[in-house]
>>> print(open('protein38.cif').read())   # mmCIF, C-alpha atoms
data_coords
loop_
_atom_site.label_atom_id
_atom_site.label_comp_id
_atom_site.auth_asym_id
_atom_site.auth_seq_id
_atom_site.Cartn_x
_atom_site.Cartn_y
_atom_site.Cartn_z
CA MET I 2 25.36 -19.38 52.14
CA HIS I 3 24.83 -20.66 48.61
CA GLU I 4 25.04 -18.25 45.71
CA PRO I 5 21.74 -18.22 43.85
CA ARG I 6 21.60 -20.17 40.61
CA LYS I 7 21.81 -17.98 37.53
CA ALA I 8 19.63 -18.02 34.45
CA VAL I 9 19.96 -16.13 31.21
CA ALA I 10 16.57 -15.19 29.73
CA LEU I 11 15.98 -14.58 26.05
CA ILE I 12 14.14 -11.26 26.06
CA SER I 13 12.36 -10.37 22.83
CA GLY I 14 10.49 -7.35 24.14
CA GLY I 15 7.17 -9.20 24.02
CA LEU I 16 5.00 -10.26 26.92
CA ASP I 17 5.88 -13.96 27.05
CA SER I 18 9.60 -13.58 27.62
CA MET I 19 8.85 -10.93 30.21
CA LEU I 20 6.55 -13.29 32.11
CA ALA I 21 9.00 -16.20 31.90
CA ALA I 22 11.81 -14.08 33.32
CA ARG I 23 9.66 -12.79 36.16
CA LEU I 24 8.42 -16.30 37.04
CA ILE I 25 11.97 -17.54 37.44
CA ARG I 26 13.19 -14.42 39.21
CA ASN I 27 10.34 -14.88 41.68
CA GLN I 28 11.86 -18.25 42.58
CA GLY I 29 15.02 -16.55 43.83
CA ILE I 30 17.06 -17.23 40.71
CA HIS I 31 19.43 -14.50 39.53
CA VAL I 32 18.17 -13.69 36.05
CA GLU I 33 19.82 -11.55 33.38
CA GLY I 34 18.32 -10.92 29.97
CA ILE I 35 19.86 -11.26 26.57
CA ASN I 36 18.55 -9.82 23.34
CA PHE I 37 20.01 -10.44 19.91
CA PHE I 38 19.92 -7.72 17.28
CA THR I 39 19.59 -9.36 13.87
CA GLY I 40 18.68 -6.25 11.86
CA PHE I 41 15.21 -7.64 11.17
CA CYS I 42 13.71 -6.62 14.50
CA VAL I 43 10.62 -4.45 13.96
CA GLU I 44 11.61 -2.59 17.08
CA GLY I 45 10.51 0.96 16.48
CA HIS I 46 12.71 1.63 13.44
CA THR I 47 9.97 2.94 11.25
CA HIS I 48 8.43 4.75 14.21
CA ALA I 49 11.79 6.36 14.92
CA ILE I 50 12.19 7.48 11.33
CA ARG I 51 8.67 8.50 10.41
CA ARG I 52 7.65 11.75 12.01
CA GLY I 53 3.97 10.93 11.77
CA HIS I 54 4.33 8.01 14.17
CA ASN I 55 4.35 10.19 17.25
CA ASP I 56 1.68 8.06 18.93
CA LYS I 57 4.05 5.09 19.16
CA PRO I 58 6.62 4.97 21.93
CA LYS I 59 10.07 5.34 20.38
CA ARG I 60 11.76 2.89 22.68
CA ASN I 61 13.40 -0.48 22.60
CA ASN I 62 10.85 -2.93 23.97
CA ALA I 63 13.45 -5.45 25.11
CA LEU I 64 15.15 -2.82 27.29
CA TRP I 65 11.84 -1.55 28.52
CA SER I 66 10.52 -5.00 29.43
CA ALA I 67 13.76 -6.04 31.15
CA GLU I 68 13.48 -2.94 33.27
CA GLN I 69 9.90 -3.85 34.19
CA VAL I 70 11.06 -7.31 35.26
CA GLY I 71 13.97 -5.79 37.20
CA ILE I 72 16.83 -7.50 35.39
CA LYS I 73 19.86 -6.41 33.43
CA LEU I 74 19.72 -6.75 29.67
CA HIS I 75 22.62 -7.51 27.37
CA ILE I 76 21.93 -6.50 23.77
CA ILE I 77 24.18 -8.32 21.35
CA ASP I 78 24.82 -7.52 17.71
CA VAL I 79 24.53 -10.75 15.70
CA ILE I 80 23.90 -9.14 12.32
CA ASP I 81 26.71 -10.90 10.47
CA GLU I 82 26.35 -14.31 12.08
CA TYR I 83 22.61 -14.23 11.52
CA LYS I 84 22.95 -13.96 7.75
CA ASP I 85 23.52 -17.68 7.40
CA VAL I 86 20.28 -18.34 9.28
CA VAL I 87 18.32 -16.17 6.85
CA ILE I 88 20.09 -17.27 3.71
CA ASN I 89 20.47 -21.01 4.32
CA PRO I 90 17.89 -22.16 6.85
CA LYS I 91 18.30 -25.88 7.43
CA HIS I 92 14.64 -26.23 8.38
CA GLY I 93 13.32 -23.94 5.66
CA TYR I 94 11.09 -20.90 5.74
CA GLY I 95 7.62 -20.34 7.14
CA THR I 96 4.89 -18.51 5.23
CA HIS I 97 7.28 -15.75 4.18
CA LEU I 98 11.08 -15.68 4.54
CA ASN I 99 10.91 -16.43 8.25
CA PRO I 100 13.33 -19.18 9.26
CA CYS I 101 11.69 -19.47 12.69
CA LEU I 102 13.03 -22.86 13.74
CA ASP I 103 16.59 -22.11 12.65
CA CYS I 104 16.30 -18.69 14.25
CA LYS I 105 15.23 -20.07 17.60
CA GLY I 106 18.00 -22.67 17.47
CA PHE I 107 20.52 -19.95 16.65
CA MET I 108 19.40 -17.69 19.48
CA VAL I 109 19.37 -20.46 22.06
CA ARG I 110 22.81 -21.54 20.86
CA LYS I 111 24.12 -17.98 21.27
CA ALA I 112 22.51 -17.82 24.71
CA ARG I 113 24.14 -21.16 25.59
CA GLU I 114 27.55 -19.79 24.57
CA TRP I 115 26.93 -16.67 26.66
CA MET I 116 25.79 -18.83 29.59
CA GLU I 117 29.00 -20.85 29.44
CA GLN I 118 31.22 -17.77 29.13
CA HIS I 119 29.56 -16.06 32.09
CA ASP I 120 29.18 -19.07 34.35
CA PHE I 121 25.39 -19.11 34.32
CA ASP I 122 23.43 -22.30 34.94
CA PHE I 123 20.53 -22.42 32.51
CA ILE I 124 18.56 -20.64 29.80
CA ILE I 125 14.92 -19.59 29.86
CA THR I 126 12.63 -18.56 27.03
CA GLY I 127 9.05 -17.36 26.83
CA GLU I 128 8.02 -20.12 24.44
CA VAL I 129 4.54 -21.59 24.74
CA LEU I 130 3.72 -25.01 23.38
CA GLY I 131 1.55 -24.76 20.29
CA GLN I 132 1.73 -21.00 20.03
CA ARG I 133 3.89 -20.69 16.91
CA PRO I 134 3.55 -22.95 13.90
CA MET I 135 7.24 -23.68 13.35
CA SER I 136 9.34 -23.32 16.45
CA GLN I 137 6.87 -23.91 19.28
CA ARG I 138 5.47 -27.33 18.49
CA ARG I 139 5.87 -30.44 20.59
CA ASP I 140 8.02 -32.03 17.88
CA THR I 141 10.20 -28.97 17.17
CA MET I 142 10.91 -27.77 20.72
CA PRO I 143 13.32 -30.69 21.32
CA VAL I 144 15.02 -29.84 18.01
CA VAL I 145 15.86 -26.38 19.35
CA ALA I 146 17.19 -27.83 22.62
CA ARG I 147 19.31 -30.38 20.75
CA GLU I 148 20.66 -28.29 17.88
CA SER I 149 21.52 -25.34 20.13
CA GLY I 150 23.53 -27.61 22.41
CA ALA I 151 21.51 -26.38 25.39
CA PHE I 152 19.78 -29.76 25.87
CA ASP I 153 18.14 -29.94 29.29
CA ARG I 154 19.55 -26.61 30.42
CA LEU I 155 16.82 -24.98 28.33
CA LEU I 156 13.74 -24.27 30.45
CA ARG I 157 10.46 -22.91 29.11
CA PRO I 158 8.72 -21.76 32.30
CA LEU I 159 5.37 -20.89 30.67
CA CYS I 160 4.76 -24.44 29.44
CA ALA I 161 7.27 -26.48 31.46
CA LYS I 162 4.60 -28.67 33.03
CA LEU I 163 3.70 -29.98 29.59
CA LEU I 164 7.30 -30.96 28.84
CA PRO I 165 9.76 -33.41 30.40
CA PRO I 166 11.54 -32.01 33.48
CA THR I 167 14.74 -30.15 32.66
CA LEU I 168 17.96 -30.06 34.65
CA PRO I 169 17.00 -26.99 36.74
CA GLU I 170 13.77 -28.76 37.72
CA ARG I 171 15.36 -32.14 38.44
CA GLU I 172 18.11 -30.56 40.51
CA GLY I 173 15.62 -28.50 42.47
CA TRP I 174 17.07 -25.17 41.39
CA VAL I 175 13.53 -24.23 40.41
CA ASP I 176 10.26 -25.62 41.73
CA ARG I 177 8.45 -27.31 38.86
CA GLU I 178 5.16 -26.94 40.71
CA GLN I 179 5.39 -23.18 40.35
CA LEU I 180 5.92 -23.41 36.60
CA LEU I 181 3.04 -23.26 34.13
CA ASP I 182 1.18 -25.28 31.53
CA PHE I 183 0.26 -22.64 28.94
CA ASN I 184 -0.68 -24.16 25.64
CA GLY I 185 -1.89 -22.84 22.29
CA ARG I 186 -2.55 -19.45 20.83
CA ASN I 187 -4.99 -18.17 23.43
CA ARG I 188 -3.40 -15.11 25.07
CA LYS I 189 -5.77 -14.84 28.02
CA PRO I 190 -3.56 -16.80 30.47
CA GLN I 191 -0.63 -14.53 29.65
CA MET I 192 -2.75 -11.44 30.14
CA ALA I 193 -4.02 -12.73 33.49
CA LEU I 194 -0.48 -13.45 34.63
CA ALA I 195 0.63 -10.01 33.46
CA ALA I 196 -2.12 -8.47 35.60
CA GLN I 197 -1.02 -10.61 38.55
CA PHE I 198 2.56 -9.36 38.15
CA GLY I 199 1.38 -5.76 37.75
CA PHE I 200 2.50 -5.44 34.12
CA SER I 201 -0.08 -3.01 32.84
CA GLU I 202 1.70 -2.14 29.62
CA TYR I 203 3.50 -4.52 27.31
CA ALA I 204 4.37 -4.88 23.66
CA GLN I 205 2.05 -6.81 21.37
CA PRO I 206 1.95 -9.18 19.69
CA ALA I 207 4.18 -12.02 20.83
CA GLY I 208 6.19 -13.38 17.93
CA GLY I 209 5.30 -10.49 15.66
CA CYS I 210 8.54 -8.66 16.23
CA CYS I 211 10.40 -9.75 13.11
CA PHE I 212 10.19 -8.23 9.65
CA LEU I 213 10.84 -11.66 8.14
CA THR I 214 7.25 -12.61 9.02
CA ASP I 215 5.92 -9.59 7.11
CA GLY I 216 4.78 -10.37 3.57
CA ASN I 217 5.35 -6.84 2.25
CA TYR I 218 8.86 -6.71 3.66
CA THR I 219 9.89 -10.15 2.45
CA ARG I 220 8.57 -9.39 -1.04
CA ARG I 221 11.11 -6.56 -1.15
CA LEU I 222 13.83 -8.80 0.24
CA GLY I 223 13.03 -11.47 -2.36
CA ASP I 224 13.19 -8.81 -5.08
CA LEU I 225 16.59 -7.68 -3.79
CA TRP I 226 17.97 -11.20 -3.95
CA THR I 227 16.45 -11.91 -7.35
CA HIS I 228 17.96 -8.81 -8.92
CA ARG I 229 21.33 -9.23 -7.26
CA GLY I 230 21.51 -12.78 -8.50
CA ASP I 231 22.25 -14.22 -5.08
CA LYS I 232 20.99 -14.25 -1.53
CA ARG I 233 23.20 -11.76 0.28
CA TYR I 234 22.63 -8.52 2.14
CA GLU I 235 24.26 -5.89 4.30
CA LEU I 236 22.66 -4.07 7.23
CA ASP I 237 21.95 -0.97 5.14
CA ASP I 238 20.11 -3.11 2.58
CA ILE I 239 17.72 -4.53 5.12
CA LEU I 240 17.19 -1.17 6.84
CA LEU I 241 16.36 0.48 3.52
CA LEU I 242 13.77 -2.21 2.80
CA LYS I 243 11.83 -0.86 5.78
CA ILE I 244 11.73 2.70 4.51
CA GLY I 245 9.80 4.49 1.76
CA ARG I 246 7.97 3.37 -1.36
CA HIS I 247 9.93 0.87 -3.41
CA LEU I 248 9.26 0.83 -7.15
CA ARG I 249 11.01 -1.24 -9.77
CA PRO I 250 10.16 0.34 -13.15
CA ARG I 251 12.84 -1.65 -14.96
CA PRO I 252 14.55 -4.92 -14.06
CA HIS I 253 17.95 -3.25 -13.72
CA PHE I 254 17.04 -0.49 -11.25
CA LYS I 255 14.64 0.41 -8.51
CA LEU I 256 13.66 3.59 -6.72
CA ILE I 257 13.22 4.17 -3.02
CA VAL I 258 11.01 7.24 -2.59
CA ALA I 259 10.54 8.83 0.83
CA ARG I 260 6.93 9.09 1.98
CA GLU I 261 7.35 11.94 4.45
CA GLN I 262 9.89 14.29 5.99
CA GLY I 263 11.28 11.83 8.51
CA GLU I 264 12.01 9.33 5.75
CA THR I 265 13.53 12.07 3.59
CA ASN I 266 15.85 12.96 6.48
CA PHE I 267 16.81 9.31 6.89
CA LEU I 268 17.38 8.70 3.16
CA ASN I 269 19.42 11.91 2.97
CA GLY I 270 22.00 10.04 5.00
CA TYR I 271 22.53 7.73 2.01
CA ARG I 272 23.07 10.44 -0.61
CA ARG I 273 26.77 9.75 -0.98
CA ASP I 274 26.18 6.05 -1.62
CA PHE I 275 23.39 6.26 -4.19
CA THR I 276 22.38 8.11 -7.29
CA HIS I 277 19.55 10.27 -6.00
CA LEU I 278 17.00 12.81 -7.16
CA TYR I 279 14.74 15.47 -5.72
CA ALA I 280 12.57 18.25 -7.09
CA THR I 281 13.86 21.79 -6.80
CA SER I 282 10.91 23.71 -8.28
CA HIS I 283 8.48 22.18 -5.77
CA SER I 284 8.87 20.54 -2.41
CA GLY I 285 8.96 16.79 -2.45
CA PRO I 286 10.75 13.64 -1.42
CA ILE I 287 14.22 12.40 -2.09
CA ALA I 288 14.45 9.24 -4.20
CA LEU I 289 17.40 6.86 -4.18
CA VAL I 290 18.24 4.81 -7.26
CA GLU I 291 19.50 1.30 -6.65
CA GLY I 292 21.00 -0.45 -9.65
CA GLU I 293 22.47 0.79 -12.91
CA ALA I 294 20.28 3.44 -14.44
CA GLY I 295 21.06 5.03 -17.84
CA GLU I 296 20.00 8.48 -18.98
CA ALA I 297 16.53 7.36 -20.09
CA ASP I 298 16.08 5.51 -16.80
CA LEU I 299 17.04 8.61 -14.82
CA LYS I 300 14.54 10.68 -16.77
CA LEU I 301 11.85 8.15 -15.88
CA ALA I 302 13.07 8.22 -12.27
CA ALA I 303 12.79 12.03 -12.32
CA ARG I 304 9.18 11.81 -13.57
CA ILE I 305 8.34 9.33 -10.81
CA THR I 306 10.05 11.47 -8.16
CA ALA I 307 8.07 14.51 -9.39
CA ARG I 308 4.86 12.51 -9.17
CA PHE I 309 5.29 12.02 -5.42
CA GLY I 310 5.98 15.69 -4.62
CA GLN I 311 3.93 18.86 -4.38
CA GLY I 312 4.37 19.39 -8.11
CA ARG I 313 2.45 16.25 -9.03
CA SER I 314 -0.27 18.32 -10.76
CA ALA I 315 2.08 20.81 -12.39
CA ASP I 316 2.91 20.70 -16.09
CA ARG I 317 6.63 20.71 -15.48
CA VAL I 318 8.80 20.03 -12.44
CA VAL I 319 12.51 20.69 -12.19
CA VAL I 320 14.33 17.71 -10.69
CA GLU I 321 17.96 17.68 -9.69
CA VAL I 322 19.70 14.43 -10.52
CA HIS I 323 22.84 13.45 -8.62
CA PRO I 324 24.41 10.47 -10.36
CA ARG I 325 26.81 8.59 -8.17
CA ASN I 326 30.39 9.60 -9.05
CA ARG I 327 29.28 12.20 -11.62
CA ASP I 328 28.30 15.85 -11.56
CA ALA I 329 24.73 16.73 -10.71
CA TYR I 330 22.41 18.21 -13.32
CA SER I 331 18.85 19.48 -13.53
CA VAL I 332 16.13 18.13 -15.75
CA GLU I 333 12.65 19.52 -16.40
CA VAL I 334 10.03 16.77 -16.60
CA ALA I 335 6.31 16.17 -16.63
CA PRO I 336 5.31 14.27 -13.48
CA LEU I 337 4.31 10.73 -14.33
CA PRO I 338 0.52 10.43 -13.88
CA ALA I 339 -0.57 7.95 -11.24
CA ASP I 340 -2.37 5.83 -13.83
CA GLU I 341 0.87 5.40 -15.75
CA ILE I 342 2.57 3.74 -12.81
CA PRO I 343 1.59 0.08 -13.04
CA GLU I 344 0.80 -1.70 -9.82
CA SER I 345 3.48 -4.23 -10.73
CA TRP I 346 6.18 -1.57 -10.23
CA TYR I 347 5.38 -1.33 -6.53
CA LEU I 348 7.31 -3.73 -4.33
CA MET S 2 36.58 -11.73 26.71
CA ARG S 3 37.52 -8.13 27.44
CA GLY S 4 36.90 -7.21 31.08
CA ARG S 5 35.23 -4.06 32.26
CA ALA S 6 37.38 -1.36 33.84
CA THR S 7 37.25 -1.36 37.64
CA ALA S 8 37.53 1.23 40.38
CA ASP S 9 41.10 0.03 40.98
CA ASP S 10 42.02 0.98 37.45
CA GLN S 11 40.70 4.43 38.13
CA THR S 12 42.96 5.06 41.11
CA GLU S 13 45.93 4.45 38.85
CA ARG S 14 44.79 7.24 36.56
CA ALA S 15 45.40 10.93 37.19
CA SER S 16 41.80 11.97 36.48
CA VAL S 17 38.58 10.87 34.92
CA SER S 18 38.13 11.42 31.21
CA HIS S 19 35.42 12.62 28.88
CA TYR S 20 34.64 10.78 25.67
CA GLU S 21 32.30 11.21 22.73
CA LEU S 22 30.50 8.53 20.79
CA ASP S 23 29.06 9.30 17.38
CA ALA S 24 25.95 7.14 16.95
CA ARG S 25 24.36 9.27 14.24
CA ARG S 26 22.37 7.41 11.58
CA LEU S 27 22.21 4.33 13.76
CA LEU S 28 18.78 3.03 14.59
CA CYS S 29 17.59 1.44 17.81
CA PRO S 30 19.12 -0.60 19.40
CA LEU S 31 22.50 0.08 17.78
CA PRO S 32 23.14 3.30 19.76
CA VAL S 33 22.68 1.27 22.95
CA ILE S 34 24.94 -1.53 21.67
CA ARG S 35 27.65 0.97 20.75
CA THR S 36 27.29 2.69 24.13
CA GLN S 37 27.45 -0.65 25.93
CA ASN S 38 30.63 -1.57 24.05
CA ARG S 39 32.25 1.84 24.59
CA VAL S 40 31.54 1.90 28.32
CA ARG S 41 33.44 -1.38 28.78
CA ASP S 42 36.70 0.52 28.28
CA MET S 43 35.84 3.33 30.68
CA VAL S 44 36.18 3.61 34.45
CA PRO S 45 33.82 4.91 37.14
CA GLY S 46 33.60 8.69 36.99
CA ASP S 47 34.40 8.94 33.29
CA THR S 48 31.78 10.70 31.20
CA LEU S 49 30.52 9.83 27.75
CA GLU S 50 28.49 12.01 25.41
CA VAL S 51 26.51 9.94 22.92
CA ILE S 52 25.28 11.77 19.83
CA CYS S 53 22.33 10.13 18.06
CA THR S 54 19.83 10.88 15.35
CA ASP S 55 17.33 8.22 16.49
CA PRO S 56 15.11 9.95 19.06
CA GLY S 57 14.46 6.54 20.63
CA ALA S 58 17.88 6.89 22.23
CA LEU S 59 16.31 9.40 24.61
CA TYR S 60 14.43 6.49 26.20
CA ASP S 61 16.80 3.63 25.56
CA ILE S 62 20.14 4.97 26.77
CA PRO S 63 18.72 6.26 30.09
CA ALA S 64 16.92 2.90 30.57
CA TRP S 65 20.17 1.05 29.95
CA CYS S 66 21.98 3.41 32.36
CA ARG S 67 19.43 2.74 35.09
CA MET S 68 20.07 -1.00 34.76
CA TYR S 69 23.81 -0.63 35.11
CA GLY S 70 24.02 2.16 37.65
CA HIS S 71 25.33 4.83 35.30
CA GLU S 72 24.06 8.37 35.76
CA VAL S 73 22.57 10.44 32.95
CA ILE S 74 23.87 13.93 33.68
CA ASP S 75 22.59 15.77 30.63
CA THR S 76 20.24 15.30 27.70
CA ARG S 77 19.80 17.76 24.88
CA GLN S 78 17.54 17.51 21.88
CA THR S 79 17.57 19.53 18.69
CA PRO S 80 15.34 18.84 15.66
CA ASP S 81 18.08 16.68 14.15
CA GLU S 82 20.01 15.19 17.05
CA VAL S 83 19.90 14.04 20.62
CA ARG S 84 22.93 14.24 22.91
CA ILE S 85 23.00 12.20 26.08
CA THR S 86 25.84 12.53 28.57
CA LEU S 87 26.34 9.84 31.13
CA ARG S 88 28.71 9.34 34.03
CA ILE S 89 30.02 5.83 34.51
CA GLY S 90 28.94 4.17 37.75
CA THR S 91 30.14 1.03 39.40
CA ASP S 92 27.98 -1.50 37.56
CA THR S 93 25.39 -1.82 40.30
CA GLU S 94 22.44 -4.16 40.17
CA PRO S 95 19.21 -2.67 38.84
CA ALA S 96 16.60 -1.75 41.40
#
>>> encode(input="protein38.cif", output="structure tokens")
Amino acid sequence: MHEPRKAVALISGGLDSMLAARLIRNQGIHVEGINFFTGFCVEGHTHAIRRGHNDKPKRNNALWSAEQVGIKLHIIDVIDEYKDVVINPKHGYGTHLNPCLDCKGFMVRKAREWMEQHDFDFIITGEVLGQRPMSQRRDTMPVVARESGAFDRLLRPLCAKLLPPTLPEREGWVDREQLLDFNGRNRKPQMALAAQFGFSEYAQPAGGCCFLTDGNYTRRLGDLWTHRGDKRYELDDILLLKIGRHLRPRPHFKLIVAREQGETNFLNGYRRDFTHLYATSHSGPIALVEGEAGEADLKLAARITARFGQGRSADRVVVEVHPRNRDAYSVEVAPLPADEIPESWYL
Amino acid sequence: MRGRATADDQTERASVSHYELDARRLLCPLPVIRTQNRVRDMVPGDTLEVICTDPGALYDIPAWCRMYGHEVIDTRQTPDEVRITLRIGTDTEPA
């Protein structure tokens, strides 16, 4: 008896990759999922940190969707390797700092390497022709197949009928007739297929699972690069960009101010690495200082920190300042009135 | 690539072992990735207690265990931490 052919499915946690994996599994192919953690995945981080987000499920959608499909999922940390994709995208950025075409090529290449190491036969993705403006166009889909080295071992089951037959189709490993011809941004066909497969709950929206497509987030990332003088980052940098209010009152320093208790708890974990402040006469958030702040800067930072706490209307607030590598001290300040914080300080 | 420990390895060992994994401050899916990597060096019957601050681990680690046939034998949650203890299975296929 022949062993079933094996496919590795890129699982993002969205509906499309879930449907693609199920379609191929239904053809008797052994499917396992792979998910790459870049650090930019939206994936519940802010929901996990912010206590007010109790209405959102605090779960990893890729794991959850793989379980719905009935396949194993391998989650792979690609944080370091992915930096080059973000910093030097060969095909450029989309509307924000989203290197979608390079990203897709990178992920399919990593999946191809995994496929070869684990003796799998082909790769499947949930891509739909015409759905995304950079990576899912008729002219860019072959670029992904070519630059990843996957070539015709890359099968897109949701739109395969609109594309030339791939190796798994030509060899009869999968029946092309049972593949689909989804096209464009209309989500109704996906929703109908989800209903047919009994998927009543799934993450939305497809393709919206990356912070690099978020204008607010990428403005902060651009600010980080500008003020560092080069395009580099560590995981903690990009996690911190997701959390709190970010204000840059002076070019040489910025403040990250927690917005609620969950964020304060999270930022507390960074106290040893940053100069930080918090009010002691009133309850309020912790604020981290990134950059080189002098005494006058720290006084301004204390006034801003006081402004976001319960003492915002008080005449004076006592703020404890913990400079990095120096002894802590207290300072009594007048909270900075809201109308003295220019909009341009907010990142 | 490093192979996963097998049942044969276990018979060569006097007893199963208990391990701890500190995944505090890590956000989803890093606790799962660290668990996945740690379990590769363990054998069936070993137990692993994963300590996390991301409450999402309460969903994610059990989901990952179900896929791989590991058994969650205890979960505890305090306001600041979750602790999940799992017993290593034999890498069975998911249902």
>>> closest_residue(input="protein38.cif", among="S:Ile62, S:Val83, S:Tyr69, S:Asp42", to="Pro30 of chain S", atoms="all atoms listed in the file")
S:Ile62
>>> atom_distance(input="protein38.cif", atom1="atom CA of Leu27 of chain S", atom2="atom CA of Asp55 of chain S")
6.8 Å
>>> atom_distance(input="protein38.cif", atom1="atom CA of Ile88 of chain I", atom2="atom CA of Asn269 of chain I")
29.2 Å
>>> resolve_selection(input="protein38.cif", expression="the PyMOL selection byres ((chain S) within 10 of (chain I))", output="PyMOL selection string")
chain S and resi 2+25-31+33-35+37-38+54-62+64-65+67-69+81+93-96
>>> write_last_selection(input="protein38.cif", atoms="C-alpha atoms", output="PDB file, keeping the file's coordinate frame")
ATOM      1  CA  MET S   2      36.580 -11.730  26.710  1.00  0.00           C
ATOM      2  CA  ARG S  25      24.360   9.270  14.240  1.00  0.00           C
ATOM      3  CA  ARG S  26      22.370   7.410  11.580  1.00  0.00           C
ATOM      4  CA  LEU S  27      22.210   4.330  13.760  1.00  0.00           C
ATOM      5  CA  LEU S  28      18.780   3.030  14.590  1.00  0.00           C
ATOM      6  CA  CYS S  29      17.590   1.440  17.810  1.00  0.00           C
ATOM      7  CA  PRO S  30      19.120  -0.600  19.400  1.00  0.00           C
ATOM      8  CA  LEU S  31      22.500   0.080  17.780  1.00  0.00           C
ATOM      9  CA  VAL S  33      22.680   1.270  22.950  1.00  0.00           C
ATOM     10  CA  ILE S  34      24.940  -1.530  21.670  1.00  0.00           C
ATOM     11  CA  ARG S  35      27.650   0.970  20.750  1.00  0.00           C
ATOM     12  CA  GLN S  37      27.450  -0.650  25.930  1.00  0.00           C
ATOM     13  CA  ASN S  38      30.630  -1.570  24.050  1.00  0.00           C
ATOM     14  CA  THR S  54      19.830  10.880  15.350  1.00  0.00           C
ATOM     15  CA  ASP S  55      17.330   8.220  16.490  1.00  0.00           C
ATOM     16  CA  PRO S  56      15.110   9.950  19.060  1.00  0.00           C
ATOM     17  CA  GLY S  57      14.460   6.540  20.630  1.00  0.00           C
ATOM     18  CA  ALA S  58      17.880   6.890  22.230  1.00  0.00           C
ATOM     19  CA  LEU S  59      16.310   9.400  24.610  1.00  0.00           C
ATOM     20  CA  TYR S  60      14.430   6.490  26.200  1.00  0.00           C
ATOM     21  CA  ASP S  61      16.800   3.630  25.560  1.00  0.00           C
ATOM     22  CA  ILE S  62      20.140   4.970  26.770  1.00  0.00           C
ATOM     23  CA  ALA S  64      16.920   2.900  30.570  1.00  0.00           C
ATOM     24  CA  TRP S  65      20.170   1.050  29.950  1.00  0.00           C
ATOM     25  CA  ARG S  67      19.430   2.740  35.090  1.00  0.00           C
ATOM     26  CA  MET S  68      20.070  -1.000  34.760  1.00  0.00           C
ATOM     27  CA  TYR S  69      23.810  -0.630  35.110  1.00  0.00           C
ATOM     28  CA  ASP S  81      18.080  16.680  14.150  1.00  0.00           C
ATOM     29  CA  THR S  93      25.390  -1.820  40.300  1.00  0.00           C
ATOM     30  CA  GLU S  94      22.440  -4.160  40.170  1.00  0.00           C
ATOM     31  CA  PRO S  95      19.210  -2.670  38.840  1.00  0.00           C
ATOM     32  CA  ALA S  96      16.600  -1.750  41.400  1.00  0.00           C
TER      33      ALA S  96
END
>>> closest_residue(input="protein38.cif", among="S:Pro45, S:Leu87, S:Gln78, S:Pro32", to="Val17 of chain S", atoms="only C-alpha atoms")
S:Pro45
>>> resolve_selection(input="protein38.cif", expression="the PyMOL selection byres ((chain S and resi 52) around 8)", output="CSV table (one decimal) with C-alpha atoms, in the coordinates of the input")
chain,number,residue,atom,x,y,z
S,21,GLU,CA,32.3,11.2,22.7
S,22,LEU,CA,30.5,8.5,20.8
S,23,ASP,CA,29.1,9.3,17.4
S,24,ALA,CA,26.0,7.1,17.0
S,25,ARG,CA,24.4,9.3,14.2
S,50,GLU,CA,28.5,12.0,25.4
S,51,VAL,CA,26.5,9.9,22.9
S,53,CYS,CA,22.3,10.1,18.1
S,54,THR,CA,19.8,10.9,15.4
S,82,GLU,CA,20.0,15.2,17.0
S,83,VAL,CA,19.9,14.0,20.6
S,84,ARG,CA,22.9,14.2,22.9
S,85,ILE,CA,23.0,12.2,26.1
>>> resolve_selection(input="protein38.cif", expression="the PyMOL selection byres ((chain I and resi 244-259) around 9)", output="tab-separated table (two decimals) with C-alpha atoms, in the frame of the given file")
chain	number	residue	atom	x	y	z
I	47	THR	CA	9.97	2.94	11.25
I	50	ILE	CA	12.19	7.48	11.33
I	51	ARG	CA	8.67	8.50	10.41
I	221	ARG	CA	11.11	-6.56	-1.15
I	228	HIS	CA	17.96	-8.81	-8.92
I	240	LEU	CA	17.19	-1.17	6.84
I	241	LEU	CA	16.36	0.48	3.52
I	242	LEU	CA	13.77	-2.21	2.80
I	243	LYS	CA	11.83	-0.86	5.78
I	260	ARG	CA	6.93	9.09	1.98
I	261	GLU	CA	7.35	11.94	4.45
I	262	GLN	CA	9.89	14.29	5.99
I	263	GLY	CA	11.28	11.83	8.51
I	264	GLU	CA	12.01	9.33	5.75
I	265	THR	CA	13.53	12.07	3.59
I	266	ASN	CA	15.85	12.96	6.48
I	267	PHE	CA	16.81	9.31	6.89
I	268	LEU	CA	17.38	8.70	3.16
I	277	HIS	CA	19.55	10.27	-6.00
I	285	GLY	CA	8.96	16.79	-2.45
I	286	PRO	CA	10.75	13.64	-1.42
I	287	ILE	CA	14.22	12.40	-2.09
I	288	ALA	CA	14.45	9.24	-4.20
I	289	LEU	CA	17.40	6.86	-4.18
I	290	VAL	CA	18.24	4.81	-7.26
I	291	GLU	CA	19.50	1.30	-6.65
I	292	GLY	CA	21.00	-0.45	-9.65
I	293	GLU	CA	22.47	0.79	-12.91
I	294	ALA	CA	20.28	3.44	-14.44
I	298	ASP	CA	16.08	5.51	-16.80
I	301	LEU	CA	11.85	8.15	-15.88
I	302	ALA	CA	13.07	8.22	-12.27
I	305	ILE	CA	8.34	9.33	-10.81
I	306	THR	CA	10.05	11.47	-8.16
I	309	PHE	CA	5.29	12.02	-5.42
I	342	ILE	CA	2.57	3.74	-12.81
I	343	PRO	CA	1.59	0.08	-13.04
I	345	SER	CA	3.48	-4.23	-10.73
I	346	TRP	CA	6.18	-1.57	-10.23
I	347	TYR	CA	5.38	-1.33	-6.53
I	348	LEU	CA	7.31	-3.73	-4.33
